[in-house]
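File shown: run.cif (mmCIF, C-alpha atoms).
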```cif
data_coords
#
loop_
_atom_site.label_atom_id
_atom_site.label_comp_id
_atom_site.auth_asym_id
_atom_site.auth_seq_id
_atom_site.Cartn_x
_atom_site.Cartn_y
_atom_site.Cartn_z
CA MET P 840 30.21 -6.05 -6.37
CA PRO P 841 30.20 -6.66 -10.14
CA PRO P 842 30.41 -3.66 -12.45
CA PRO P 843 27.13 -2.29 -13.76
CA SER P 844 25.71 -3.78 -16.90
CA SER P 845 27.14 -2.13 -20.01
CA HIS P 846 24.17 -2.83 -22.27
CA PRO P 847 21.88 0.14 -22.73
CA SER P 848 18.16 -0.47 -22.53
CA GLY P 849 17.55 1.93 -25.39
CA PRO P 850 19.34 4.29 -27.79
CA GLY P 851 20.62 7.64 -26.64
CA PRO P 852 23.70 9.41 -25.32
CA SER P 853 23.17 8.22 -21.72
CA PRO P 854 22.65 4.44 -21.61
CA ILE P 855 20.64 3.20 -18.65
CA GLU P 856 22.94 0.98 -16.61
CA VAL P 857 21.90 -1.07 -13.59
CA ARG P 858 23.68 -2.35 -10.50
CA GLU P 859 23.59 -5.64 -8.68
CA ILE P 860 22.68 -5.19 -5.00
CA GLY P 861 22.94 -7.25 -1.82
CA LEU P 862 20.08 -9.06 -0.12
CA ALA P 863 19.90 -6.65 2.84
CA GLN P 864 19.79 -3.49 0.71
CA PRO P 865 15.95 -3.19 0.83
CA LEU P 866 16.16 -2.72 4.59
CA ASP P 867 18.42 0.28 4.01
CA TRP P 868 15.84 1.70 1.59
CA LEU P 869 13.28 1.53 4.37
CA ARG P 870 15.65 3.35 6.71
CA ARG P 871 16.41 6.12 4.22
CA GLY P 872 12.76 6.41 3.25
CA LEU P 873 11.80 6.93 6.88
CA GLU P 874 14.50 9.59 7.23
CA ASP P 875 13.08 11.48 4.24
CA LEU P 876 9.55 11.26 5.67
CA LEU P 877 10.68 12.58 9.06
CA HIS P 878 12.72 15.35 7.43
CA CYS P 879 9.82 16.56 5.30
CA PRO P 880 6.57 15.03 6.62
CA GLY P 881 3.86 17.39 5.34
CA PRO P 882 3.34 16.26 1.72
CA GLY P 883 3.93 12.62 2.62
CA LEU P 884 1.35 12.56 5.38
CA ALA P 885 -1.08 14.34 3.07
CA HIS P 886 -0.59 11.62 0.43
CA GLY P 887 -1.05 8.94 3.07
CA ALA P 888 -4.15 10.58 4.54
CA ALA P 889 -5.70 10.86 1.07
CA ALA P 890 -5.05 7.16 0.47
CA ALA P 891 -6.53 6.21 3.85
CA LEU P 892 -9.62 8.37 3.33
CA PHE P 893 -10.09 6.92 -0.14
CA GLY P 894 -9.93 3.41 1.29
CA ILE P 895 -12.30 4.17 4.16
CA GLY P 896 -14.80 5.76 1.79
CA LEU P 897 -14.55 2.79 -0.53
CA VAL P 898 -15.21 0.30 2.25
CA TRP P 899 -18.23 2.32 3.36
CA LEU P 900 -19.67 2.47 -0.16
CA ALA P 901 -18.89 -1.08 -1.31
CA HIS P 902 -18.68 -3.18 1.85
CA ASP P 903 -21.16 -5.69 0.43
CA GLN P 904 -19.78 -5.67 -3.13
CA PHE P 905 -16.65 -7.75 -2.84
CA TRP P 906 -15.49 -7.41 -6.44
CA ILE P 907 -15.77 -3.63 -6.42
CA LEU P 908 -13.82 -3.55 -3.17
CA ALA P 909 -11.18 -6.02 -4.36
CA GLY P 910 -10.83 -4.25 -7.67
CA ALA P 911 -10.35 -0.84 -6.13
CA PHE P 912 -7.74 -2.04 -3.66
CA SER P 913 -5.91 -4.00 -6.35
CA GLY P 914 -5.91 -0.89 -8.48
CA PHE P 915 -4.61 1.13 -5.53
CA LEU P 916 -1.64 -1.21 -5.06
CA LEU P 917 -0.71 -0.90 -8.73
CA VAL P 918 -1.39 2.80 -9.32
CA ALA P 919 -0.16 4.12 -5.94
CA PRO P 920 3.46 4.44 -7.19
CA ILE P 921 2.28 6.89 -9.87
CA THR P 922 0.33 9.01 -7.38
CA ALA P 923 3.43 9.21 -5.17
CA THR P 924 5.64 10.72 -7.89
CA GLY P 925 5.71 14.04 -6.03
CA LEU P 926 7.28 12.29 -3.04
CA TYR P 927 10.03 10.89 -5.28
CA ALA P 928 10.73 14.48 -6.30
CA ILE P 929 11.07 15.49 -2.65
CA SER P 930 13.52 12.64 -1.99
CA ARG P 931 15.51 13.71 -5.03
CA ALA P 932 15.65 17.29 -3.77
CA LEU P 933 16.76 16.13 -0.31
CA GLU P 934 19.40 13.91 -1.87
CA ARG P 935 20.80 16.77 -3.91
CA GLY P 936 20.89 19.11 -0.93
CA ALA P 937 18.54 21.61 -2.52
CA PRO P 938 18.08 24.69 -0.30
CA SER P 939 14.81 25.13 1.60
CA VAL P 940 13.44 21.71 0.67
CA THR P 941 11.23 21.65 3.75
CA ALA P 942 9.79 25.11 3.09
CA GLY P 943 9.23 24.36 -0.59
CA ALA P 944 8.16 20.73 -0.23
CA TRP P 945 4.59 21.31 -1.38
CA ARG P 946 5.78 23.18 -4.46
CA ILE P 947 8.20 20.36 -5.29
CA ALA P 948 5.58 17.63 -4.78
CA TRP P 949 2.80 19.23 -6.82
CA GLY P 950 5.15 20.73 -9.39
CA VAL P 951 5.70 17.27 -10.87
CA TRP P 952 2.15 17.22 -12.20
CA ARG P 953 2.06 20.82 -13.37
CA GLY P 954 4.38 19.76 -16.17
CA HIS P 955 1.69 17.40 -17.55
CA ASP P 956 4.25 14.69 -18.33
CA ALA P 957 2.42 12.37 -20.72
CA ARG P 958 4.84 9.53 -19.99
CA LEU P 959 3.68 9.28 -16.39
CA VAL P 960 0.06 9.40 -17.49
CA HIS P 961 0.62 6.66 -20.06
CA PHE P 962 2.38 4.46 -17.54
CA GLY P 963 -0.39 5.02 -15.00
CA VAL P 964 -2.98 3.97 -17.59
CA LEU P 965 -1.00 0.79 -18.29
CA LEU P 966 -0.92 -0.02 -14.58
CA ALA P 967 -4.67 0.59 -14.33
CA PHE P 968 -5.29 -1.81 -17.21
CA ALA P 969 -3.13 -4.41 -15.48
CA GLY P 970 -5.13 -4.03 -12.27
CA THR P 971 -8.41 -4.31 -14.15
CA GLY P 972 -7.18 -7.44 -15.91
CA TRP P 973 -6.37 -9.09 -12.58
CA VAL P 974 -9.76 -8.21 -11.11
CA LEU P 975 -11.59 -9.67 -14.12
CA THR P 976 -9.43 -12.80 -14.07
CA SER P 977 -9.92 -13.23 -10.34
CA ALA P 978 -13.69 -12.74 -10.60
CA SER P 979 -13.96 -15.22 -13.47
CA LEU P 980 -11.97 -17.84 -11.56
CA VAL P 981 -13.99 -17.56 -8.36
CA THR P 982 -17.43 -17.28 -9.95
CA SER P 983 -16.70 -20.25 -12.23
CA PHE P 984 -15.61 -22.64 -9.50
CA VAL P 985 -17.56 -21.53 -6.41
CA ASP P 986 -21.17 -22.71 -6.21
CA GLN P 987 -22.10 -20.06 -3.61
CA PRO P 988 -22.50 -16.31 -4.26
CA VAL P 989 -19.50 -14.21 -3.24
CA HIS P 990 -20.65 -10.66 -2.52
CA ARG P 991 -18.80 -9.76 0.68
CA PRO P 992 -15.27 -10.31 1.94
CA LEU P 993 -16.68 -12.81 4.46
CA ASP P 994 -18.20 -14.79 1.59
CA PHE P 995 -14.77 -14.99 -0.02
CA LEU P 996 -13.28 -16.11 3.30
CA HIS P 997 -15.89 -18.84 3.87
CA HIS P 998 -16.34 -20.18 0.35
CA VAL P 999 -12.82 -19.80 -1.05
CA VAL P 1000 -10.18 -19.42 1.66
CA LEU P 1001 -11.66 -21.86 4.19
CA HIS P 1002 -13.33 -24.24 1.74
CA ASP P 1003 -12.47 -27.87 2.54
CA GLY P 1004 -11.30 -30.15 -0.23
CA SER P 1005 -10.61 -27.39 -2.74
CA TRP P 1006 -7.37 -25.96 -4.05
CA LEU P 1007 -9.10 -22.89 -5.43
CA PHE P 1008 -7.55 -20.46 -2.96
CA GLU P 1009 -4.05 -21.80 -3.62
CA ILE P 1010 -4.64 -21.57 -7.38
CA TRP P 1011 -5.96 -18.03 -6.90
CA LEU P 1012 -2.81 -17.04 -5.00
CA VAL P 1013 -0.46 -18.58 -7.55
CA LEU P 1014 -2.29 -16.96 -10.44
CA GLY P 1015 -2.21 -13.60 -8.68
CA ALA P 1016 1.53 -13.94 -8.09
CA LEU P 1017 2.14 -14.87 -11.72
CA LEU P 1018 0.23 -11.81 -12.89
CA ALA P 1019 1.72 -9.45 -10.29
CA ALA P 1020 5.35 -10.46 -10.88
CA PRO P 1021 5.71 -8.95 -14.38
CA VAL P 1022 3.91 -5.78 -13.25
CA PHE P 1023 6.38 -5.41 -10.38
CA ALA P 1024 9.33 -6.17 -12.65
CA SER P 1025 8.13 -3.54 -15.11
CA SER P 1026 7.65 -0.80 -12.53
CA VAL P 1027 10.16 -1.26 -9.70
CA VAL P 1028 12.39 1.57 -10.97
CA ALA P 1029 10.41 2.77 -14.00
CA ILE P 1030 8.43 5.58 -12.38
CA PRO P 1031 11.36 7.27 -10.57
CA LEU P 1032 13.39 6.84 -13.75
CA LEU P 1033 10.70 8.60 -15.81
CA LEU P 1034 10.76 11.43 -13.27
CA ASP P 1035 14.54 11.65 -13.20
CA ARG P 1036 15.46 11.35 -16.90
CA ARG P 1037 14.03 12.08 -20.32
CA VAL P 1038 13.62 8.46 -21.35
CA SER P 1039 10.70 6.71 -22.99
CA VAL P 1040 8.26 4.46 -21.14
CA LEU P 1041 9.70 1.46 -23.01
CA GLN P 1042 13.25 2.35 -21.96
CA ALA P 1043 12.14 2.73 -18.34
CA VAL P 1044 10.33 -0.61 -18.35
CA LEU P 1045 13.28 -2.42 -19.93
CA ALA P 1046 15.65 -0.88 -17.39
CA SER P 1047 13.33 -2.04 -14.61
CA TRP P 1048 13.37 -5.59 -15.94
CA ARG P 1049 17.16 -5.51 -16.21
CA ALA P 1050 17.43 -4.37 -12.59
CA VAL P 1051 15.24 -7.29 -11.49
CA LEU P 1052 17.22 -9.80 -13.55
CA ALA P 1053 20.48 -8.45 -12.10
CA SER P 1054 19.27 -8.81 -8.47
CA PRO P 1055 16.31 -11.22 -8.47
CA VAL P 1056 16.48 -12.37 -4.85
CA PRO P 1057 16.91 -8.92 -3.22
CA LEU P 1058 14.08 -7.53 -5.34
CA ALA P 1059 11.83 -10.48 -4.52
CA PHE P 1060 12.56 -9.59 -0.89
CA TRP P 1061 11.67 -5.96 -1.65
CA ALA P 1062 8.39 -7.02 -3.27
CA ALA P 1063 7.53 -9.06 -0.17
CA ILE P 1064 8.31 -6.08 2.07
CA LEU P 1065 6.07 -3.80 0.00
CA LEU P 1066 3.21 -6.30 0.19
CA VAL P 1067 3.52 -7.06 3.90
CA VAL P 1068 3.92 -3.43 4.99
CA THR P 1069 0.96 -2.37 2.84
CA LEU P 1070 -1.22 -5.16 4.22
CA VAL P 1071 -0.27 -4.12 7.75
CA GLY P 1072 -1.33 -0.57 6.90
CA MET P 1073 -4.65 -1.86 5.62
CA ALA P 1074 -5.14 -4.15 8.61
CA THR P 1075 -5.08 -1.15 10.96
CA LEU P 1076 -8.49 -0.09 9.62
CA LEU P 1077 -6.53 1.66 6.85
CA VAL P 1078 -5.23 4.31 9.27
CA GLY P 1079 -1.72 2.90 8.95
CA LEU P 1080 -1.67 3.93 5.30
CA VAL P 1081 -1.11 7.52 6.46
CA ILE P 1082 2.46 6.46 7.34
CA VAL P 1083 2.92 3.45 5.04
CA VAL P 1084 2.19 5.20 1.73
CA PRO P 1085 4.78 8.01 2.03
CA TRP P 1086 7.31 5.77 3.78
CA LEU P 1087 7.31 3.25 0.93
CA ALA P 1088 7.26 6.01 -1.67
CA HIS P 1089 10.41 7.64 -0.31
CA ALA P 1090 12.02 4.22 0.09
CA SER P 1091 11.22 3.43 -3.55
CA TRP P 1092 13.19 6.48 -4.65
CA HIS P 1093 16.24 5.14 -2.83
CA ALA P 1094 15.68 1.73 -4.41
CA TYR P 1095 15.88 3.42 -7.80
CA ARG P 1096 19.06 5.29 -6.85
CA ASP P 1097 20.79 2.09 -5.75
CA LEU P 1098 19.62 0.02 -8.71
CA VAL P 1099 20.22 2.47 -11.58
CA VAL P 1100 23.62 4.03 -12.25
CA PRO P 1101 23.35 7.86 -12.37
CA ALA P 1102 23.58 9.46 -15.80
CA ASP P 1103 26.59 11.60 -16.68
CA GLY P 1104 26.22 14.98 -15.07
CA ASP P 1105 23.56 13.75 -12.67
CA GLY P 1106 25.46 15.25 -9.78
CA ALA P 1107 24.63 12.52 -7.29
CA SER P 1108 27.47 11.33 -5.12
CA ALA P 1109 28.29 7.66 -4.78
CA SER P 1110 26.98 7.70 -1.23
CA THR P 1111 23.56 8.96 -2.31
CA ALA P 1112 23.30 6.99 -5.50
CA GLY P 1113 23.97 3.68 -3.80
CA PRO P 1114 26.99 1.41 -3.58
CA ALA P 1115 29.64 2.10 -6.13
CA PRO P 1116 30.29 -0.64 -8.65
CA GLY P 1117 33.18 -2.83 -7.80
CA PRO P 1118 34.06 -6.32 -6.60
CA HIS P 1119 32.12 -7.92 -3.75
#
```

What does the file become when written as structure tokens?
Amino acid sequence: MPPPSSHPSGPGPSPIEVREIGLAQPLDWLRRGLEDLLHCPGPGLAHGAAAALFGIGLVWLAHDQFWILAGAFSGFLLVAPITATGLYAISRALERGAPSVTAGAWRIAWGVWRGHDARLVHFGVLLAFAGTGWVLTSASLVTSFVDQPVHRPLDFLHHVVLHDGSWLFEIWLVLGALLAAPVFASSVVAIPLLLDRRVSVLQAVLASWRAVLASPVPLAFWAAILLVVTLVGMATLLVGLVIVVPWLAHASWHAYRDLVVPADGDGASASTAGPAPGPH
């Protein structure tokens, strides 16, 4: 495996270095994420249950208002990593072998937000703006090129997805992918990095982009896994989100640990921080 990049993503005594990873590494993140969830299930299941209840309540309130529904779920996909920051903290504590992690899991999870870290709030606001931008773009595209009203998900299915002789759905998908890709590239390791180190939001975003550029194919695979697993959780009448949300959150912590080289004095072993740099 090539050595980590030597270019820091920002000034400071501890440059943020990234690793190149193999294609199958995301599957190992899923395995380790599941282990963390099983080891300390309480806070994770609570996060997942809150997400599922939010989704069920939203469907009940806005089942005939497609754009409200689509906007809320799009926002959920983008902002969910921020809401799961407490679960990253639990994975970090498990990784470091902190005593009584299970007994103190709730304190660890909620303690993240007691510090009122403005960086996490700022990043969450940026993600919310990105989600809102996609919803407005999507609504403008569909309402401009569909001659039938689209109020319910079934309307979208009939008039956009299954419409004969129109490429609107394909254009909608491509546009969504083009808008989602930079958001993913900006956030894939940014939020755990903000939790783990005293770096700026800009430094975290640049490090995230460098991680993606160093391992574009494995991280495209990871993005596909996140999307598919989340959609499966939603397809189970949202009940699957109880497991999916914490599972992916814990897995995302391990993605960060494999992609970003630990800072000096971090204390993480090579086995917990991911594959050591070296030749393939």

Original post:
Distance atom CA of Glu856 of chain P-atom CA of Phe1060 of chain P, one decimal place?
Top reply: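 We find that atom CA of Glu856 of chain P and atom CA of Phe1060 of chain P lie 21.6 Å from each other.
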
**OP:** Tell me, as a PyMOL selection string, which residues lie within 12 Å of Gly970 of chain P, counting only C-alpha atoms; anything in the same chain fewer than 5 positions away does not count.
**Re:** chain P and resi 909-919+963-965+975-977+1015+1018-1019+1022-1023

As a check of understanding, name the residues that the PyMOL selection byres ((chain P and resi 1046) around 9) selects in the supplied structure, as a JSON list (two decimals) with C-alpha atoms, in the coordinates of the input.
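Ended up saving to selection.json:
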```json
[["chain", "number", "residue", "atom", "x", "y", "z"],
["P", 847, "PRO", "CA", 21.88, 0.14, -22.73],
["P", 848, "SER", "CA", 18.16, -0.47, -22.53],
["P", 849, "GLY", "CA", 17.55, 1.93, -25.39],
["P", 855, "ILE", "CA", 20.64, 3.20, -18.65],
["P", 856, "GLU", "CA", 22.94, 0.98, -16.61],
["P", 857, "VAL", "CA", 21.90, -1.07, -13.59],
["P", 1025, "SER", "CA", 8.13, -3.54, -15.11],
["P", 1028, "VAL", "CA", 12.39, 1.57, -10.97],
["P", 1029, "ALA", "CA", 10.41, 2.77, -14.00],
["P", 1032, "LEU", "CA", 13.39, 6.84, -13.75],
["P", 1041, "LEU", "CA", 9.70, 1.46, -23.01],
["P", 1042, "GLN", "CA", 13.25, 2.35, -21.96],
["P", 1043, "ALA", "CA", 12.14, 2.73, -18.34],
["P", 1044, "VAL", "CA", 10.33, -0.61, -18.35],
["P", 1045, "LEU", "CA", 13.28, -2.42, -19.93],
["P", 1047, "SER", "CA", 13.33, -2.04, -14.61],
["P", 1048, "TRP", "CA", 13.37, -5.59, -15.94],
["P", 1049, "ARG", "CA", 17.16, -5.51, -16.21],
["P", 1050, "ALA", "CA", 17.43, -4.37, -12.59],
["P", 1051, "VAL", "CA", 15.24, -7.29, -11.49],
["P", 1099, "VAL", "CA", 20.22, 2.47, -11.58]]
```

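Counting all atoms listed in the file and comparing P:Trp1086, P:Leu1098, P:Leu1034, P:Trp868, the residue that lies closest to Arg958 of chain P is P:Leu1034.
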
Original post:
Counting all atoms listed in the file, which residues come within 6 Å of (16.7, 18.3, 0.4), with the point read in the file's coordinates, and could you list them as a ChimeraX atom specification?
Top reply: /P:932-934,936-937,940

Please write out, as AutoDock Vina command-line options, where the centre of an axis-aligned box around all listed atoms of segment 966-979 of chain P lies and how long its edges are, in Å to one decimal, after adding 6 Å on each side.
```
--center_x -7.4 --center_y -7.3 --center_z -13.8 --size_x 25.0 --size_y 27.8 --size_z 18.9
```

Ground truth for the PyMOL selection byres ((chain P and resi 905) around 10), written as a compact mmCIF listing (two decimals) with C-alpha atoms, in the coordinates of the input:
```
# COMPACT_ATOMS: atom_id res chain seq x y z
CA VAL P 898 -15.21 0.30 2.25
CA ALA P 901 -18.89 -1.08 -1.31
CA HIS P 902 -18.68 -3.18 1.85
CA ASP P 903 -21.16 -5.69 0.43
CA GLN P 904 -19.78 -5.67 -3.13
CA TRP P 906 -15.49 -7.41 -6.44
CA ILE P 907 -15.77 -3.63 -6.42
CA LEU P 908 -13.82 -3.55 -3.17
CA ALA P 909 -11.18 -6.02 -4.36
CA GLY P 910 -10.83 -4.25 -7.67
CA ALA P 911 -10.35 -0.84 -6.13
CA ALA P 978 -13.69 -12.74 -10.60
CA VAL P 989 -19.50 -14.21 -3.24
CA HIS P 990 -20.65 -10.66 -2.52
CA ARG P 991 -18.80 -9.76 0.68
CA PRO P 992 -15.27 -10.31 1.94
CA LEU P 993 -16.68 -12.81 4.46
CA ASP P 994 -18.20 -14.79 1.59
CA PHE P 995 -14.77 -14.99 -0.02
```

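Residues matching the PyMOL selection byres ((chain P and resi 924) around 8) in this structure come to Pro920, Ile921, Thr922, Ala923, Gly925, Leu926, Tyr927, Ala928, Ala948, Val951, Ile1030, Pro1031, Leu1034 and Ala1088 of chain P.
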
Could you take the residues named above and write them with C-alpha atoms, as an mmCIF file, in the frame of the given file?
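Produced file out-v6.cif, reproduced below:
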```cif
data_model
loop_
_atom_site.group_PDB
_atom_site.id
_atom_site.type_symbol
_atom_site.label_atom_id
_atom_site.label_comp_id
_atom_site.auth_asym_id
_atom_site.auth_seq_id
_atom_site.Cartn_x
_atom_site.Cartn_y
_atom_site.Cartn_z
ATOM 1 C CA PRO P 920 3.460 4.440 -7.190
ATOM 2 C CA ILE P 921 2.280 6.890 -9.870
ATOM 3 C CA THR P 922 0.330 9.010 -7.380
ATOM 4 C CA ALA P 923 3.430 9.210 -5.170
ATOM 5 C CA GLY P 925 5.710 14.040 -6.030
ATOM 6 C CA LEU P 926 7.280 12.290 -3.040
ATOM 7 C CA TYR P 927 10.030 10.890 -5.280
ATOM 8 C CA ALA P 928 10.730 14.480 -6.300
ATOM 9 C CA ALA P 948 5.580 17.630 -4.780
ATOM 10 C CA VAL P 951 5.700 17.270 -10.870
ATOM 11 C CA ILE P 1030 8.430 5.580 -12.380
ATOM 12 C CA PRO P 1031 11.360 7.270 -10.570
ATOM 13 C CA LEU P 1034 10.760 11.430 -13.270
ATOM 14 C CA ALA P 1088 7.260 6.010 -1.670
#
```

Original post:
Any idea what the distance is between atom CA of Arg931 of chain P and atom CA of Ser1039 of chain P?
Top reply: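 Pair atom CA of Arg931 of chain P / atom CA of Ser1039 of chain P returns 19.9 Å.
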
Subset file: segment 1065-1076 of chain P, C-alpha atoms, as a short mmCIF file (atom, residue, chain, number, x, y, z; two decimals), in the first residue's frame:
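Wrote it out as result_24.cif, contents follow:
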```
data_model
loop_
_atom_site.label_atom_id
_atom_site.label_comp_id
_atom_site.auth_asym_id
_atom_site.auth_seq_id
_atom_site.Cartn_x
_atom_site.Cartn_y
_atom_site.Cartn_z
CA LEU P 1065 -24.71 3.57 2.29
CA LEU P 1066 -27.45 4.33 -0.23
CA VAL P 1067 -28.59 0.74 -0.74
CA VAL P 1068 -28.60 -0.17 2.96
CA THR P 1069 -30.50 3.02 3.83
CA LEU P 1070 -33.07 2.39 1.11
CA VAL P 1071 -33.54 -1.15 2.39
CA GLY P 1072 -34.15 0.29 5.86
CA MET P 1073 -36.74 2.66 4.44
CA ALA P 1074 -38.37 -0.06 2.35
CA THR P 1075 -39.18 -2.05 5.50
CA LEU P 1076 -41.80 0.57 6.41
#
```
